[in-house]
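Notes follow the structure.
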Amino acid sequence: GKESYRALNGLYVLHDELGSGGFGKVKLATHLLTGQYVAIKIIDKKKIGNDLPRVKTEMDALRTLSHQNICQLYQYIETTEKFFIIMEYCSGGEMFDYIVRKERLPEAEARHFFRQLVQAIAYVHSLGYAHRDLKPENLLLTEELKLKLIDFGLCARPGGPGLVNNKPLDTCCGSPAYAAPELILGQQYLGNRADVWSMGVLLYALLCGALPFEDDNMQLLYRKISNGRYYEPDFLTNSSKELLKRMLQVDPERRITVNELLRHPWLNSTYQAALKWQTIYDKNLVDEDVAREMAYHYGTQLGTMVGKIKEWRFDYLTATYHLLLQLKARGEKFALP
Ligand SMILES: CN(C)C[C@H]1CC[C@H](N2C(=O)N(C)Cc3cnc4ccc(-c5cc(Cl)c(O)c(Cl)c5)nc4c32)CC1
C-alpha cells in the first residue's frame with residue numbers, strides 16, 4: 001500500500017507501472033534532485049517468500065556489474081516489508097517488441113545490437129558470472145537504441161554452484177526456448193557455454209524474426225532443442241549461417257566460446273574498432289565536473305565529495321552521481337537546484 005512507500009518520500013516520486021513478474025513490480029519514477037526518470041523494482045518480502053535468495057543473487061550481481069550494456073543499479077532501499085531497487089530507466093522498451101515491430105532485422109542492424117550483447121556477456125563472464133536467462137525480454141533499449149541487459153535473478157555467482165550446475169529445470173524456469181540442450185537435459189553444464197547457446201537463439205530471433213526451436217508441446221520442444229536442427233531461411237547470408245551453426249552446437253564442447261565470438265568476422269566485418277567489451281566505468285575514477293556540482297550543492301569540499309562518491313554505497317548520493325553523469329554524457333547541462 002501507499003504507506004510503505006514512505007521510504008521514497010522526498011527522494012523519488014512514483015509514476016505508472018512498467019511491468020511486473022513473479023518478483024513484484026517495476027514502476028517508473030522521478031529522482032527528485034535531478035528530475036531524471038528511473039525504474040524502481042519493488043519487491044514485497046512477504047510475497048516472494050523462499051525466492052528471497054534470488055533477490056539477493058540479483059542484488060549482488062547488480063552491485064558488482066557496472067557496464068555500458070547492463071542496466072545500472074543506482075540505489076537500493078530495504079525496509080521491513082519491501083526492497084526498492086532503483087535502476088537506470090530504459091525508455092526504448094524491450095528488444096522483443098522492437099523485433100516484433102520490424103518483423104526481422106537487416107543483418108547490419110542485427111549486428112549493431114548483437115555486438116552490444118556480446119560485450120555485456122563477455123564482461124559478465126570476465127567477472128565469473130553467467131546470466132543463464134538470456135532472452136529478448138531481458139534486453140532493453142535506451143532512447144539512443146543502446147542495448148541494456150537486465151534481470152540477473154537466475155545468474156550464477158562466481159565460484160558458486162551455478163557455474164557448473166546439474167540442477168535441471170528450476171534454474172532455467174524462464175523460457176526453455178532459449179535454454180541450452182545440456183541445461184534442459186539436467187546434465188552438468190557450464191553457465192558460460194549455456195549463455196552462448198541462448199545468444200545463438202537470440203541472434204536467430206534478430207535475423208529471422210522467429211525462434212529456431214519452437215513447439216507448444218514441451219516434450220517436442222525439448223526434442224527439437226536436443227537435436228539442434230533448425231530451419232535456415234534463404235535470406236540468411238552464409239556468414240550468418242556459419243555463425244549460428246557455431247553457436248547452436250548441441251555439444252557444449254564444440255560450441256564457440258565468448259572469446260572466439262569477440263573475434264568472429266561476422267561481428268567485426270563492417271566495424272573498424274574491435275569489440276570493446278571491457279566496462280567504460282572505472283570505480284576508482286570519479287568524474288570531476290559531476291563531483292564538483294555535487295560538492296557545491298551539498299556544501300562540501302570537492303575532495304570530500306569525491307571520497308564519498310567512491311564509497312559506492314548505492315544510496316541517494318550514488319544515484320545522483322550516475323544520473324548527473326548520464327546527463328553529461330548526453331551533452332545536457334546538469335545543475336542541481
Ligand atoms: C518481464 N520481466 C520479468 C519483468 C519486466 C518488468 C518491466 C521491465 N521494463 C519494461 O518492460 N519496459 C517496457 C520498460 C522498462 C524501462 N526501464 C527498465 C529498467 C529496468 C528494468 C528491470 C526490470 C527487472 Cl525485473 C530487473 O530485474 C532489472 Cl535488473 C531491470 N526494467 C525496465 C523496464 C522489464 C522487465
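Identifiers in the C-alpha cells: chain A, B, ... in order shown; residue index from 1 per chain; ligand index from 1 in order shown.
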Output the neighbourhood of ligand 1 as a PyMOL selection string, that is, all protein and nucleic acid residues with some atom at most 10 Å from the ligand, counting only C-alpha atoms and all ligand atoms.
chain A and resi 17-28+37-43+55+58-59+61-62+70-73+85-97+136-142+148-154+174
File dump, residues just selected, C-alpha atoms, as a short mmCIF file (atom, residue, chain, number, x, y, z; two decimals), in the first residue's frame:
```
data_model
loop_
_atom_site.label_atom_id
_atom_site.label_comp_id
_atom_site.auth_asym_id
_atom_site.auth_seq_id
_atom_site.Cartn_x
_atom_site.Cartn_y
_atom_site.Cartn_z
CA GLU A 17 3.86 0.61 -13.66
CA LEU A 18 6.32 -0.51 -16.34
CA GLY A 19 5.72 -4.21 -15.85
CA SER A 20 5.58 -6.97 -13.28
CA GLY A 21 6.68 -10.53 -12.70
CA GLY A 22 6.98 -13.20 -10.04
CA PHE A 23 9.33 -10.87 -8.15
CA GLY A 24 6.92 -7.93 -7.83
CA LYS A 25 6.54 -4.83 -9.98
CA VAL A 26 8.68 -2.26 -11.74
CA LYS A 27 7.49 1.35 -11.67
CA LEU A 28 8.59 4.45 -13.49
CA TYR A 37 13.46 9.20 -14.74
CA VAL A 38 14.47 5.95 -13.03
CA ALA A 39 12.94 2.46 -12.87
CA ILE A 40 12.16 1.14 -9.38
CA LYS A 41 11.73 -2.60 -8.86
CA ILE A 42 9.55 -3.03 -5.77
CA ILE A 43 9.72 -6.41 -4.07
CA VAL A 55 16.67 -11.31 -4.93
CA GLU A 58 20.43 -10.24 -8.32
CA MET A 59 21.41 -7.57 -5.79
CA ALA A 61 25.25 -9.12 -9.31
CA LEU A 62 23.85 -5.61 -9.87
CA ILE A 70 24.00 -3.53 -18.43
CA CYS A 71 21.12 -1.75 -16.69
CA GLN A 72 22.89 0.27 -13.98
CA LEU A 73 21.91 -0.08 -10.32
CA ILE A 85 15.82 -1.45 -6.35
CA ILE A 86 16.35 1.86 -8.15
CA MET A 87 17.86 1.43 -11.63
CA GLU A 88 18.55 3.09 -14.96
CA TYR A 89 15.33 3.68 -16.92
CA CYS A 90 15.40 2.28 -20.46
CA SER A 91 12.86 4.31 -22.45
CA GLY A 92 13.23 2.25 -25.64
CA GLY A 93 11.38 -0.69 -24.11
CA GLU A 94 12.03 -4.38 -24.73
CA MET A 95 14.16 -5.64 -27.62
CA PHE A 96 11.44 -8.27 -28.06
CA ASP A 97 8.86 -5.61 -29.04
CA PRO A 136 14.68 -10.76 -25.81
CA GLU A 137 12.50 -9.77 -22.81
CA ASN A 138 15.70 -9.30 -20.79
CA LEU A 139 17.26 -6.94 -23.33
CA LEU A 140 16.05 -3.36 -23.07
CA LEU A 141 16.77 -0.37 -25.25
CA THR A 142 17.58 3.23 -24.39
CA LYS A 148 20.89 -2.88 -21.75
CA LEU A 149 20.91 -6.35 -20.18
CA ILE A 150 18.53 -6.87 -17.24
CA ASP A 151 17.18 -9.46 -14.79
CA PHE A 152 20.03 -11.21 -13.01
CA GLY A 153 17.68 -13.19 -10.78
CA LEU A 154 18.87 -16.50 -12.24
CA GLY A 174 12.32 -18.78 -17.53
#
```
Can you pull out every residue within 9 Å of Ser226 in chain A, counting only C-alpha atoms, but drop anything in the same chain fewer than 6 positions away, and send it as an MDAnalysis selection string?
chainID A and resid 180:182 184:185 250
Which residues are close to range 113-119 of chain A, i.e. within 7 Å by only C-alpha atoms, leaving aside same-chain residues fewer than 4 positions away? Reply as a PDB file with C-alpha atoms, in the first residue's frame.
```pdb
ATOM      1  CA  ASN A  69      25.385  -2.502 -21.820  1.00  0.00           C
ATOM      2  CA  GLU A 109      21.077  -3.759 -37.602  1.00  0.00           C
ATOM      3  CA  TYR A 123      32.091  -8.555 -19.300  1.00  0.00           C
ATOM      4  CA  LEU A 147      21.156  -2.291 -25.520  1.00  0.00           C
ATOM      5  CA  LEU A 203      20.747 -13.899 -32.896  1.00  0.00           C
ATOM      6  CA  LEU A 267      30.776  -9.361 -35.671  1.00  0.00           C
ATOM      7  CA  LEU A 275      34.637  -5.115 -29.756  1.00  0.00           C
ATOM      8  CA  LYS A 276      35.255  -3.039 -26.614  1.00  0.00           C
ATOM      9  CA  TRP A 277      33.818  -5.473 -24.136  1.00  0.00           C
TER      10      TRP A 277
END
```
For Tyr204 in chain A, which residue out of A:Thr300, A:Gln272, A:Asn9, A:Ser240 is the nearest one, using only C-alpha atoms?
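So, comparing all the options, the nearest one is A:Ser240.
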If you count only C-alpha atoms, which residues fall within 9 Å of Leu243 in chain A, apart from same-chain ones fewer than 3 positions away, as a PyMOL selection string?
chain A and resi 200+238-240+246-248+256+261+264+266
Can you spit out the residues from that selection as a PDB file, in the first residue's frame, using C-alpha atoms?
```pdb
ATOM      1  CA  GLY A 200      22.623 -18.017 -30.636  1.00  0.00           C
ATOM      2  CA  ASN A 238      26.460 -17.610 -45.490  1.00  0.00           C
ATOM      3  CA  SER A 239      28.411 -15.809 -42.751  1.00  0.00           C
ATOM      4  CA  SER A 240      25.258 -15.527 -40.591  1.00  0.00           C
ATOM      5  CA  ARG A 246      28.882 -22.384 -34.309  1.00  0.00           C
ATOM      6  CA  MET A 247      26.654 -21.005 -31.539  1.00  0.00           C
ATOM      7  CA  LEU A 248      23.830 -23.550 -31.771  1.00  0.00           C
ATOM      8  CA  ILE A 256      32.021 -21.334 -29.984  1.00  0.00           C
ATOM      9  CA  LEU A 261      32.912 -14.803 -30.598  1.00  0.00           C
ATOM     10  CA  HIS A 264      34.452 -13.676 -35.172  1.00  0.00           C
ATOM     11  CA  TRP A 266      30.636 -11.681 -38.666  1.00  0.00           C
TER      12      TRP A 266
END
```
So that I can check the surroundings of Ala7 in chain A, please list as a list of chain:residue names every protein, DNA and RNA residue that reaches within 12 Å of it, counting only C-alpha atoms and ignoring chain neighbours fewer than 4 positions away.
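The residues that qualify are A:Lys2, A:Glu3, A:Leu11, A:Tyr12, A:Val13, A:Leu14, A:Ile42, A:Tyr76, A:Ile77, A:Glu78, A:Thr79, A:Thr80, A:Glu81, A:Lys82, A:Phe83, A:Phe84, A:Ile85, A:Tyr316.
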Using only C-alpha atoms, pick whichever of A:Leu105, A:Ala319, A:Ala194, A:Ala29 has the shortest atom-to-atom distance to Ala210 in chain A.
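Counting only C-alpha atoms, the residue closest to Ala210 in chain A is A:Leu105.
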Between CA of Asp251 in chain A and CA of His112 in chain A - distance in Å to one decimal:
27.8 Å
Neighbour list for Leu327 in chain A as a ChimeraX atom specification, cut-off 12 Å, only C-alpha atoms, skip fewer than 2 positions in-chain:
/A:34-37,289-290,320-325,329-336
Keeping N, CA and C atoms, export the residues of the selection given above as a short mmCIF file (atom, residue, chain, number, x, y, z; two decimals), in the first residue's frame.
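As written to disk, again07.cif reads:
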```cif
data_model
loop_
_atom_site.label_atom_id
_atom_site.label_comp_id
_atom_site.auth_asym_id
_atom_site.auth_seq_id
_atom_site.Cartn_x
_atom_site.Cartn_y
_atom_site.Cartn_z
N THR A 34 17.47 15.43 -9.37
CA THR A 34 17.92 15.70 -10.75
C THR A 34 16.75 15.81 -11.73
N GLY A 35 15.56 15.38 -11.29
CA GLY A 35 14.40 15.41 -12.19
C GLY A 35 14.44 14.33 -13.27
N GLN A 36 15.37 13.38 -13.12
CA GLN A 36 15.53 12.32 -14.14
C GLN A 36 14.66 11.11 -13.85
N TYR A 37 14.23 10.43 -14.91
CA TYR A 37 13.46 9.20 -14.74
C TYR A 37 14.36 8.07 -14.26
N ASP A 289 33.69 17.00 -12.98
CA ASP A 289 32.62 18.00 -13.19
C ASP A 289 31.40 17.64 -12.36
N VAL A 290 31.05 16.34 -12.40
CA VAL A 290 29.87 15.89 -11.66
C VAL A 290 30.11 16.05 -10.16
N THR A 320 22.44 9.98 -7.52
CA THR A 320 22.60 11.34 -8.06
C THR A 320 23.82 11.41 -8.97
N TYR A 321 24.92 10.77 -8.53
CA TYR A 321 26.15 10.79 -9.34
C TYR A 321 25.91 10.17 -10.72
N HIS A 322 25.32 8.96 -10.73
CA HIS A 322 25.08 8.25 -12.01
C HIS A 322 24.17 9.06 -12.91
N LEU A 323 23.14 9.69 -12.33
CA LEU A 323 22.18 10.43 -13.16
C LEU A 323 22.81 11.70 -13.73
N LEU A 324 23.63 12.37 -12.94
CA LEU A 324 24.32 13.57 -13.47
C LEU A 324 25.33 13.17 -14.55
N LEU A 325 26.00 12.02 -14.32
CA LEU A 325 26.98 11.54 -15.31
C LEU A 325 26.28 11.23 -16.63
N ALA A 329 26.92 12.87 -20.22
CA ALA A 329 27.23 12.04 -21.41
C ALA A 329 26.30 12.38 -22.56
N ARG A 330 25.08 12.87 -22.23
CA ARG A 330 24.12 13.23 -23.28
C ARG A 330 24.33 14.68 -23.72
N GLY A 331 25.37 15.32 -23.15
CA GLY A 331 25.67 16.69 -23.55
C GLY A 331 24.66 17.69 -23.00
N GLU A 332 23.90 17.25 -22.00
CA GLU A 332 22.92 18.18 -21.40
C GLU A 332 23.54 18.84 -20.18
N LYS A 333 23.04 20.04 -19.86
CA LYS A 333 23.61 20.70 -18.67
C LYS A 333 23.11 19.96 -17.44
N PHE A 334 23.93 19.90 -16.43
CA PHE A 334 23.49 19.19 -15.24
C PHE A 334 23.73 20.10 -14.03
N ALA A 335 22.67 20.79 -13.64
CA ALA A 335 22.81 21.69 -12.48
C ALA A 335 21.85 21.21 -11.41
N LEU A 336 22.35 21.12 -10.19
CA LEU A 336 21.46 20.76 -9.08
C LEU A 336 20.81 22.04 -8.56
#
```
CA of Gly128 in chain A to CA of Tyr271 in chain A, straight-line distance in Å:
27.9 Å
Every residue of range 16-228 of chain A that DSSP places in alpha helix (DSSP H), as a PyMOL selection string:
chain A and resi 45-48+52-64+95-102+107-126+181-184+191-208+218-227
Residue subset to file, keeping C-alpha atoms, as a PDB file, in the first residue's frame:
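What ended up in selection_26.pdb:
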```pdb
ATOM      1  CA  LYS A  45       9.239  -9.607   1.073  1.00  0.00           C
ATOM      2  CA  LYS A  46       6.079 -11.437   2.188  1.00  0.00           C
ATOM      3  CA  LYS A  47       5.118 -12.284  -1.414  1.00  0.00           C
ATOM      4  CA  ILE A  48       8.465 -13.643  -2.561  1.00  0.00           C
ATOM      5  CA  LEU A  52      14.494 -14.325  -1.381  1.00  0.00           C
ATOM      6  CA  PRO A  53      17.860 -15.906  -2.385  1.00  0.00           C
ATOM      7  CA  ARG A  54      17.063 -14.949  -5.997  1.00  0.00           C
ATOM      8  CA  VAL A  55      16.675 -11.308  -4.930  1.00  0.00           C
ATOM      9  CA  LYS A  56      19.967 -11.421  -3.048  1.00  0.00           C
ATOM     10  CA  THR A  57      21.643 -13.033  -6.080  1.00  0.00           C
ATOM     11  CA  GLU A  58      20.429 -10.244  -8.318  1.00  0.00           C
ATOM     12  CA  MET A  59      21.408  -7.572  -5.792  1.00  0.00           C
ATOM     13  CA  ASP A  60      24.956  -8.957  -5.525  1.00  0.00           C
ATOM     14  CA  ALA A  61      25.246  -9.123  -9.305  1.00  0.00           C
ATOM     15  CA  LEU A  62      23.855  -5.613  -9.870  1.00  0.00           C
ATOM     16  CA  ARG A  63      26.170  -4.169  -7.195  1.00  0.00           C
ATOM     17  CA  THR A  64      29.194  -5.747  -8.875  1.00  0.00           C
ATOM     18  CA  MET A  95      14.163  -5.643 -27.623  1.00  0.00           C
ATOM     19  CA  PHE A  96      11.436  -8.266 -28.063  1.00  0.00           C
ATOM     20  CA  ASP A  97       8.861  -5.612 -29.043  1.00  0.00           C
ATOM     21  CA  TYR A  98      11.396  -3.927 -31.321  1.00  0.00           C
ATOM     22  CA  ILE A  99      11.967  -7.155 -33.295  1.00  0.00           C
ATOM     23  CA  VAL A 100       8.227  -7.924 -33.460  1.00  0.00           C
ATOM     24  CA  ARG A 101       7.530  -4.407 -34.810  1.00  0.00           C
ATOM     25  CA  LYS A 102      10.179  -4.752 -37.511  1.00  0.00           C
ATOM     26  CA  GLU A 107      21.996  -8.079 -40.924  1.00  0.00           C
ATOM     27  CA  ALA A 108      23.671  -4.704 -40.230  1.00  0.00           C
ATOM     28  CA  GLU A 109      21.077  -3.759 -37.602  1.00  0.00           C
ATOM     29  CA  ALA A 110      21.152  -7.215 -36.009  1.00  0.00           C
ATOM     30  CA  ARG A 111      24.936  -6.827 -35.819  1.00  0.00           C
ATOM     31  CA  HIS A 112      24.579  -3.406 -34.114  1.00  0.00           C
ATOM     32  CA  PHE A 113      22.551  -4.979 -31.287  1.00  0.00           C
ATOM     33  CA  PHE A 114      24.308  -8.347 -31.148  1.00  0.00           C
ATOM     34  CA  ARG A 115      27.752  -6.715 -30.715  1.00  0.00           C
ATOM     35  CA  GLN A 116      26.431  -4.922 -27.622  1.00  0.00           C
ATOM     36  CA  LEU A 117      25.016  -8.165 -26.208  1.00  0.00           C
ATOM     37  CA  VAL A 118      28.361  -9.956 -26.742  1.00  0.00           C
ATOM     38  CA  GLN A 119      30.131  -7.037 -24.997  1.00  0.00           C
ATOM     39  CA  ALA A 120      27.783  -7.310 -22.000  1.00  0.00           C
ATOM     40  CA  ILE A 121      28.155 -11.096 -21.735  1.00  0.00           C
ATOM     41  CA  ALA A 122      31.956 -11.027 -22.210  1.00  0.00           C
ATOM     42  CA  TYR A 123      32.091  -8.555 -19.300  1.00  0.00           C
ATOM     43  CA  VAL A 124      29.672 -10.602 -17.117  1.00  0.00           C
ATOM     44  CA  HIS A 125      31.690 -13.792 -17.748  1.00  0.00           C
ATOM     45  CA  SER A 126      35.009 -11.972 -17.107  1.00  0.00           C
ATOM     46  CA  PRO A 181      20.296 -28.664 -24.549  1.00  0.00           C
ATOM     47  CA  GLU A 182      22.593 -29.604 -21.647  1.00  0.00           C
ATOM     48  CA  LEU A 183      20.511 -27.362 -19.363  1.00  0.00           C
ATOM     49  CA  ILE A 184      17.111 -28.824 -20.208  1.00  0.00           C
ATOM     50  CA  GLY A 191      26.845 -21.342 -17.308  1.00  0.00           C
ATOM     51  CA  ASN A 192      29.133 -19.620 -19.811  1.00  0.00           C
ATOM     52  CA  ARG A 193      28.529 -22.230 -22.512  1.00  0.00           C
ATOM     53  CA  ALA A 194      24.772 -22.167 -21.873  1.00  0.00           C
ATOM     54  CA  ASP A 195      24.778 -18.356 -22.257  1.00  0.00           C
ATOM     55  CA  VAL A 196      26.410 -18.716 -25.704  1.00  0.00           C
ATOM     56  CA  TRP A 197      23.636 -21.080 -26.833  1.00  0.00           C
ATOM     57  CA  SER A 198      20.998 -18.578 -25.645  1.00  0.00           C
ATOM     58  CA  MET A 199      22.795 -15.809 -27.536  1.00  0.00           C
ATOM     59  CA  GLY A 200      22.623 -18.017 -30.636  1.00  0.00           C
ATOM     60  CA  VAL A 201      18.856 -18.314 -30.194  1.00  0.00           C
ATOM     61  CA  LEU A 202      18.698 -14.540 -29.751  1.00  0.00           C
ATOM     62  CA  LEU A 203      20.747 -13.899 -32.896  1.00  0.00           C
ATOM     63  CA  TYR A 204      18.448 -16.228 -34.831  1.00  0.00           C
ATOM     64  CA  ALA A 205      15.437 -14.253 -33.487  1.00  0.00           C
ATOM     65  CA  LEU A 206      17.036 -10.931 -34.514  1.00  0.00           C
ATOM     66  CA  LEU A 207      17.861 -12.166 -38.035  1.00  0.00           C
ATOM     67  CA  CYS A 208      14.794 -14.332 -38.706  1.00  0.00           C
ATOM     68  CA  MET A 218       7.190 -29.097 -24.110  1.00  0.00           C
ATOM     69  CA  GLN A 219       8.450 -32.611 -24.822  1.00  0.00           C
ATOM     70  CA  LEU A 220       8.604 -31.974 -28.580  1.00  0.00           C
ATOM     71  CA  LEU A 221      10.336 -28.634 -27.881  1.00  0.00           C
ATOM     72  CA  TYR A 222      12.980 -30.417 -25.795  1.00  0.00           C
ATOM     73  CA  ARG A 223      13.417 -32.991 -28.586  1.00  0.00           C
ATOM     74  CA  LYS A 224      13.996 -30.219 -31.132  1.00  0.00           C
ATOM     75  CA  ILE A 225      16.482 -28.412 -28.861  1.00  0.00           C
ATOM     76  CA  SER A 226      18.488 -31.544 -28.067  1.00  0.00           C
ATOM     77  CA  ASN A 227      18.550 -32.463 -31.788  1.00  0.00           C
TER      78      ASN A 227
END
```
Top pick for closest residue to Met294 in chain A, considering A:Leu236, A:Leu244, A:Leu33, A:Gly10 and counting only C-alpha atoms
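Residue with the minimum atom-to-atom distance to Met294 in chain A: A:Leu33.
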Strand (DSSP E) positions in range 38-271 of chain A, given as an MDAnalysis selection string:
chainID A and resid 38:44 73:78 82:88 93:94 139:141 147:149 164:165 189:190
